[in-house]
$ cat model.cif   # mmCIF, N, CA and C atoms
data_structure
#
loop_
_atom_site.label_atom_id
_atom_site.label_comp_id
_atom_site.auth_asym_id
_atom_site.auth_seq_id
_atom_site.Cartn_x
_atom_site.Cartn_y
_atom_site.Cartn_z
N MET A 848 117.85 -64.90 120.69
CA MET A 848 119.16 -65.32 121.12
C MET A 848 120.18 -65.24 120.00
N PHE A 849 119.76 -65.49 118.78
CA PHE A 849 120.71 -65.57 117.68
C PHE A 849 120.72 -64.31 116.82
N ARG A 850 120.10 -63.25 117.32
CA ARG A 850 120.09 -62.01 116.56
C ARG A 850 121.44 -61.31 116.66
N LYS A 851 121.62 -60.30 115.80
CA LYS A 851 122.85 -59.53 115.82
C LYS A 851 122.99 -58.80 117.15
N ALA A 852 124.24 -58.52 117.50
CA ALA A 852 124.50 -57.78 118.73
C ALA A 852 123.98 -56.35 118.58
N THR A 853 123.40 -55.84 119.63
CA THR A 853 122.92 -54.47 119.63
C THR A 853 123.89 -53.62 120.44
N ALA A 854 123.69 -52.32 120.38
CA ALA A 854 124.55 -51.41 121.14
C ALA A 854 124.47 -51.71 122.63
N ILE A 855 123.29 -52.06 123.10
CA ILE A 855 123.12 -52.35 124.52
C ILE A 855 123.93 -53.58 124.92
N THR A 856 123.87 -54.61 124.10
CA THR A 856 124.63 -55.82 124.46
C THR A 856 126.13 -55.55 124.41
N GLU A 857 126.57 -54.72 123.49
CA GLU A 857 127.99 -54.39 123.42
C GLU A 857 128.43 -53.63 124.67
N VAL A 858 127.63 -52.65 125.08
CA VAL A 858 127.96 -51.87 126.28
C VAL A 858 127.97 -52.77 127.51
N LEU A 859 126.96 -53.61 127.64
CA LEU A 859 126.90 -54.50 128.81
C LEU A 859 128.07 -55.47 128.83
N GLU A 860 128.46 -55.95 127.67
CA GLU A 860 129.61 -56.86 127.60
C GLU A 860 130.89 -56.15 128.04
N LYS A 861 131.09 -54.92 127.55
CA LYS A 861 132.28 -54.16 127.94
C LYS A 861 132.28 -53.87 129.43
N LEU A 862 131.10 -53.52 129.96
CA LEU A 862 131.00 -53.26 131.40
C LEU A 862 131.32 -54.51 132.22
N SER A 863 130.81 -55.64 131.77
CA SER A 863 131.04 -56.87 132.55
C SER A 863 132.50 -57.29 132.52
N LYS A 864 133.20 -57.05 131.41
CA LYS A 864 134.60 -57.46 131.30
C LYS A 864 135.52 -56.54 132.07
N GLY A 865 135.19 -55.25 132.17
CA GLY A 865 136.09 -54.32 132.84
C GLY A 865 135.42 -53.56 133.96
N PHE A 866 134.52 -54.23 134.67
CA PHE A 866 133.71 -53.56 135.67
C PHE A 866 134.54 -52.86 136.74
N GLU A 867 135.55 -53.54 137.28
CA GLU A 867 136.37 -52.96 138.34
C GLU A 867 137.09 -51.70 137.84
N GLN A 868 137.54 -51.75 136.60
CA GLN A 868 138.23 -50.60 136.03
C GLN A 868 137.26 -49.42 135.87
N TYR A 869 136.04 -49.69 135.41
CA TYR A 869 135.04 -48.62 135.28
C TYR A 869 134.70 -48.03 136.64
N VAL A 870 134.60 -48.86 137.66
CA VAL A 870 134.30 -48.36 139.01
C VAL A 870 135.41 -47.43 139.48
N GLN A 871 136.67 -47.82 139.25
CA GLN A 871 137.80 -46.98 139.65
C GLN A 871 137.79 -45.64 138.90
N ILE A 872 137.54 -45.69 137.62
CA ILE A 872 137.51 -44.46 136.81
C ILE A 872 136.39 -43.55 137.28
N LEU A 873 135.20 -44.10 137.47
CA LEU A 873 134.07 -43.29 137.91
C LEU A 873 134.29 -42.73 139.31
N SER A 874 134.90 -43.52 140.20
CA SER A 874 135.19 -43.05 141.55
C SER A 874 136.15 -41.87 141.50
N HIS A 875 137.14 -41.95 140.64
CA HIS A 875 138.10 -40.86 140.51
C HIS A 875 137.42 -39.62 139.91
N MET A 876 136.62 -39.82 138.88
CA MET A 876 136.01 -38.70 138.16
C MET A 876 134.97 -37.97 139.00
N ARG A 877 134.34 -38.65 139.93
CA ARG A 877 133.32 -37.96 140.72
C ARG A 877 133.95 -36.88 141.59
N GLY A 878 135.23 -37.00 141.88
CA GLY A 878 135.91 -35.99 142.67
C GLY A 878 136.56 -34.90 141.85
N GLU A 879 136.53 -35.02 140.54
CA GLU A 879 137.15 -34.03 139.66
C GLU A 879 136.16 -32.94 139.32
N TYR A 880 136.69 -31.74 139.16
CA TYR A 880 135.87 -30.61 138.76
C TYR A 880 136.41 -30.14 137.41
N PHE A 881 135.56 -30.09 136.41
CA PHE A 881 136.01 -29.80 135.05
C PHE A 881 136.09 -28.31 134.72
N ASN A 882 135.65 -27.44 135.62
CA ASN A 882 135.66 -26.00 135.34
C ASN A 882 134.97 -25.70 134.01
N ILE A 883 133.88 -26.37 133.74
CA ILE A 883 133.25 -26.25 132.43
C ILE A 883 132.75 -24.84 132.15
N LEU A 884 132.22 -24.17 133.15
CA LEU A 884 131.72 -22.81 132.92
C LEU A 884 132.86 -21.84 132.64
N GLU A 885 134.02 -22.10 133.22
CA GLU A 885 135.17 -21.24 132.96
C GLU A 885 135.73 -21.49 131.56
N ARG A 886 135.50 -22.66 131.01
CA ARG A 886 136.02 -23.00 129.69
C ARG A 886 135.10 -22.55 128.56
N LEU A 887 133.84 -22.32 128.87
CA LEU A 887 132.88 -21.91 127.84
C LEU A 887 132.76 -20.40 127.79
N SER A 888 132.69 -19.89 126.59
CA SER A 888 132.46 -18.44 126.44
C SER A 888 130.97 -18.16 126.71
N SER A 889 130.65 -16.89 126.87
CA SER A 889 129.24 -16.54 127.09
C SER A 889 128.40 -16.92 125.88
N GLY A 890 128.98 -16.84 124.68
CA GLY A 890 128.28 -17.26 123.46
C GLY A 890 127.99 -18.75 123.47
N ASP A 891 128.97 -19.54 123.92
CA ASP A 891 128.77 -20.99 124.01
C ASP A 891 127.65 -21.33 124.98
N VAL A 892 127.65 -20.64 126.13
CA VAL A 892 126.61 -20.88 127.13
C VAL A 892 125.25 -20.50 126.57
N TYR A 893 125.19 -19.37 125.85
CA TYR A 893 123.93 -18.94 125.24
C TYR A 893 123.40 -20.00 124.28
N HIS A 894 124.28 -20.51 123.40
CA HIS A 894 123.85 -21.52 122.43
C HIS A 894 123.46 -22.83 123.12
N LEU A 895 124.16 -23.17 124.17
CA LEU A 895 123.81 -24.37 124.94
C LEU A 895 122.42 -24.22 125.56
N GLU A 896 122.17 -23.06 126.15
CA GLU A 896 120.85 -22.81 126.74
C GLU A 896 119.76 -22.84 125.68
N ARG A 897 120.02 -22.24 124.53
CA ARG A 897 119.03 -22.24 123.43
C ARG A 897 118.73 -23.66 122.95
N SER A 898 119.76 -24.49 122.83
CA SER A 898 119.52 -25.86 122.36
C SER A 898 118.73 -26.66 123.39
N ILE A 899 118.97 -26.40 124.67
CA ILE A 899 118.20 -27.07 125.72
C ILE A 899 116.75 -26.60 125.67
N ASP A 900 116.56 -25.29 125.48
CA ASP A 900 115.19 -24.75 125.37
C ASP A 900 114.45 -25.36 124.18
N ARG A 901 115.14 -25.49 123.03
CA ARG A 901 114.51 -26.10 121.85
C ARG A 901 114.15 -27.55 122.12
N PHE A 902 115.05 -28.27 122.77
CA PHE A 902 114.78 -29.67 123.09
C PHE A 902 113.55 -29.78 123.98
N GLU A 903 113.49 -28.96 125.01
CA GLU A 903 112.35 -29.00 125.94
C GLU A 903 111.06 -28.61 125.23
N SER A 904 111.14 -27.61 124.37
CA SER A 904 109.97 -27.18 123.61
C SER A 904 109.47 -28.29 122.69
N ASN A 905 110.39 -28.96 122.02
CA ASN A 905 110.01 -30.08 121.15
C ASN A 905 109.39 -31.22 121.94
N ARG A 906 109.95 -31.48 123.11
CA ARG A 906 109.40 -32.55 123.96
C ARG A 906 107.98 -32.20 124.41
N GLU A 907 107.79 -30.95 124.79
CA GLU A 907 106.45 -30.51 125.20
C GLU A 907 105.48 -30.57 124.03
N LEU A 908 105.94 -30.15 122.85
CA LEU A 908 105.10 -30.18 121.66
C LEU A 908 104.66 -31.60 121.34
N HIS A 909 105.58 -32.54 121.38
CA HIS A 909 105.23 -33.94 121.09
C HIS A 909 104.22 -34.49 122.11
N ALA A 910 104.38 -34.12 123.37
CA ALA A 910 103.43 -34.56 124.39
C ALA A 910 102.04 -33.99 124.12
N LEU A 911 101.99 -32.71 123.77
CA LEU A 911 100.69 -32.08 123.46
C LEU A 911 100.07 -32.69 122.21
N GLN A 912 100.88 -32.98 121.21
CA GLN A 912 100.35 -33.60 120.00
C GLN A 912 99.78 -34.98 120.30
N ASP A 913 100.46 -35.74 121.15
CA ASP A 913 99.94 -37.05 121.54
C ASP A 913 98.61 -36.91 122.26
N GLN A 914 98.54 -35.94 123.19
CA GLN A 914 97.28 -35.70 123.90
C GLN A 914 96.18 -35.31 122.92
N PHE A 915 96.52 -34.44 121.97
CA PHE A 915 95.54 -33.99 120.98
C PHE A 915 95.00 -35.17 120.18
N LEU A 916 95.88 -36.02 119.70
CA LEU A 916 95.44 -37.16 118.89
C LEU A 916 94.57 -38.12 119.70
N ASP A 917 94.95 -38.36 120.95
CA ASP A 917 94.14 -39.22 121.81
C ASP A 917 92.76 -38.62 122.06
N LEU A 918 92.75 -37.33 122.38
CA LEU A 918 91.49 -36.65 122.66
C LEU A 918 90.62 -36.55 121.41
N TYR A 919 91.24 -36.27 120.27
CA TYR A 919 90.52 -36.20 119.01
C TYR A 919 89.86 -37.54 118.69
N SER A 920 90.60 -38.61 118.87
CA SER A 920 90.07 -39.94 118.63
C SER A 920 88.89 -40.23 119.55
N GLU A 921 89.05 -39.85 120.82
CA GLU A 921 87.96 -40.06 121.79
C GLU A 921 86.74 -39.23 121.41
N TYR A 922 86.96 -37.99 120.96
CA TYR A 922 85.84 -37.13 120.58
C TYR A 922 85.10 -37.69 119.36
N VAL A 923 85.85 -38.15 118.38
CA VAL A 923 85.22 -38.69 117.16
C VAL A 923 84.33 -39.88 117.51
N LYS A 924 84.75 -40.67 118.48
CA LYS A 924 83.96 -41.83 118.88
C LYS A 924 82.74 -41.44 119.71
N SER A 925 82.92 -40.48 120.63
CA SER A 925 81.85 -40.20 121.59
C SER A 925 81.03 -38.95 121.29
N LYS A 926 81.62 -37.97 120.61
CA LYS A 926 80.97 -36.68 120.30
C LYS A 926 80.54 -35.92 121.56
N LYS A 927 81.23 -36.13 122.67
CA LYS A 927 80.92 -35.41 123.91
C LYS A 927 81.34 -33.95 123.78
N PRO A 928 80.44 -33.01 124.08
CA PRO A 928 80.74 -31.58 123.91
C PRO A 928 81.92 -31.10 124.76
N GLU A 929 82.08 -31.66 125.96
CA GLU A 929 83.18 -31.21 126.83
C GLU A 929 84.55 -31.55 126.22
N LEU A 930 84.59 -32.61 125.43
CA LEU A 930 85.85 -32.97 124.77
C LEU A 930 86.20 -31.96 123.69
N LYS A 931 85.19 -31.39 123.07
CA LYS A 931 85.41 -30.40 122.02
C LYS A 931 86.10 -29.17 122.60
N GLU A 932 85.69 -28.75 123.77
CA GLU A 932 86.32 -27.58 124.42
C GLU A 932 87.76 -27.91 124.83
N ARG A 933 87.98 -29.10 125.33
CA ARG A 933 89.36 -29.51 125.67
C ARG A 933 90.23 -29.55 124.42
N LEU A 934 89.64 -29.97 123.29
CA LEU A 934 90.38 -29.95 122.02
C LEU A 934 90.78 -28.53 121.64
N ARG A 935 89.86 -27.59 121.79
CA ARG A 935 90.16 -26.19 121.48
C ARG A 935 91.35 -25.69 122.30
N GLU A 936 91.34 -26.02 123.58
CA GLU A 936 92.43 -25.60 124.46
C GLU A 936 93.75 -26.23 124.04
N LEU A 937 93.73 -27.50 123.71
CA LEU A 937 94.96 -28.16 123.25
C LEU A 937 95.47 -27.53 121.96
N VAL A 938 94.57 -27.19 121.06
CA VAL A 938 94.97 -26.53 119.81
C VAL A 938 95.67 -25.22 120.13
N ARG A 939 95.12 -24.43 121.06
CA ARG A 939 95.75 -23.16 121.44
C ARG A 939 97.15 -23.40 122.02
N GLN A 940 97.28 -24.40 122.88
CA GLN A 940 98.58 -24.69 123.47
C GLN A 940 99.60 -25.12 122.41
N ILE A 941 99.17 -25.95 121.48
CA ILE A 941 100.06 -26.41 120.42
C ILE A 941 100.48 -25.24 119.53
N GLN A 942 99.54 -24.36 119.21
CA GLN A 942 99.84 -23.22 118.34
C GLN A 942 100.78 -22.21 119.00
N LYS A 943 100.81 -22.16 120.33
CA LYS A 943 101.78 -21.29 121.01
C LYS A 943 103.20 -21.76 120.73
N ILE A 944 103.37 -23.07 120.62
CA ILE A 944 104.69 -23.65 120.37
C ILE A 944 104.98 -23.75 118.89
N ASP A 945 103.97 -24.19 118.14
CA ASP A 945 104.13 -24.42 116.69
C ASP A 945 103.09 -23.59 115.95
N GLU A 946 103.49 -22.43 115.49
CA GLU A 946 102.56 -21.51 114.82
C GLU A 946 102.04 -22.08 113.50
N SER A 947 102.72 -23.06 112.95
CA SER A 947 102.28 -23.63 111.67
C SER A 947 101.17 -24.66 111.85
N PHE A 948 100.89 -25.06 113.08
CA PHE A 948 99.83 -26.04 113.34
C PHE A 948 98.48 -25.42 113.04
N ARG A 949 97.74 -26.07 112.19
CA ARG A 949 96.42 -25.58 111.80
C ARG A 949 95.38 -26.66 112.05
N PHE A 950 94.35 -26.26 112.78
CA PHE A 950 93.21 -27.14 113.03
C PHE A 950 92.05 -26.25 113.45
N THR A 951 90.92 -26.47 112.82
CA THR A 951 89.72 -25.75 113.22
C THR A 951 88.67 -26.76 113.63
N MET A 952 87.83 -26.34 114.52
CA MET A 952 86.79 -27.23 115.03
C MET A 952 85.79 -27.54 113.94
N ASP A 953 85.77 -26.75 112.88
CA ASP A 953 84.88 -27.04 111.74
C ASP A 953 85.30 -28.33 111.03
N GLN A 954 86.52 -28.74 111.26
CA GLN A 954 87.01 -29.96 110.60
C GLN A 954 86.41 -31.21 111.23
N ILE A 955 85.77 -31.08 112.38
CA ILE A 955 85.23 -32.29 113.00
C ILE A 955 83.74 -32.29 113.07
#

$ encode --input "model.cif" --output "structure tokens"
Amino acid sequence: MFRKATAITEVLEKLSKGFEQYVQILSHMRGEYFNILERLSSGDVYHLERSIDRFESNRELHALQDQFLDLYSEYVKSKKPELKERLRELVRQIQKIDESFRFTMDQI
């Protein structure tokens, strides 16, 4: 209760104080069309698409890395052979995204 204000509390406070005004603004804006594609050059669209692709690739990589670490931990505890094959497959998937990732099954 006595901690410093966070960004969330600041936003919620602003929303609560001017809620009706925010509703009016959002109601108006939902009917507006920004012509964003007409304002962006083809180069801008290309770079936007590339940054979205990189973001998605990074998100997928982090998910695969989490799966790898969980599976690796499970394998180290149980030594089940089927987990070793799943680890190999995860390593291949991670290396498709991140070529610098190095792991060999000899390490375990």

$ atom_distance --input "model.cif" --atom1 "atom CA of Arg901 of chain A" --atom2 "atom C of Arg886 of chain A"
21.9 Å

$ atom_distance --input "model.cif" --atom1 "atom CA of Ser925 of chain A" --atom2 "atom C of Val938 of chain A"
20.4 Å

$ closest_residue --input "model.cif" --among "A:Ile872, A:Leu862, A:Ile941, A:Met952" --to "Glu907 of chain A" --atoms "all atoms listed in the file"
A:Ile941

$ select_by_dssp --input "model.cif" --residues "chain A" --states "helix (DSSP H, G or I)" --output "PyMOL selection string"
chain A and resi 854-864+866-877+883-886+889-925+928-944+952-954
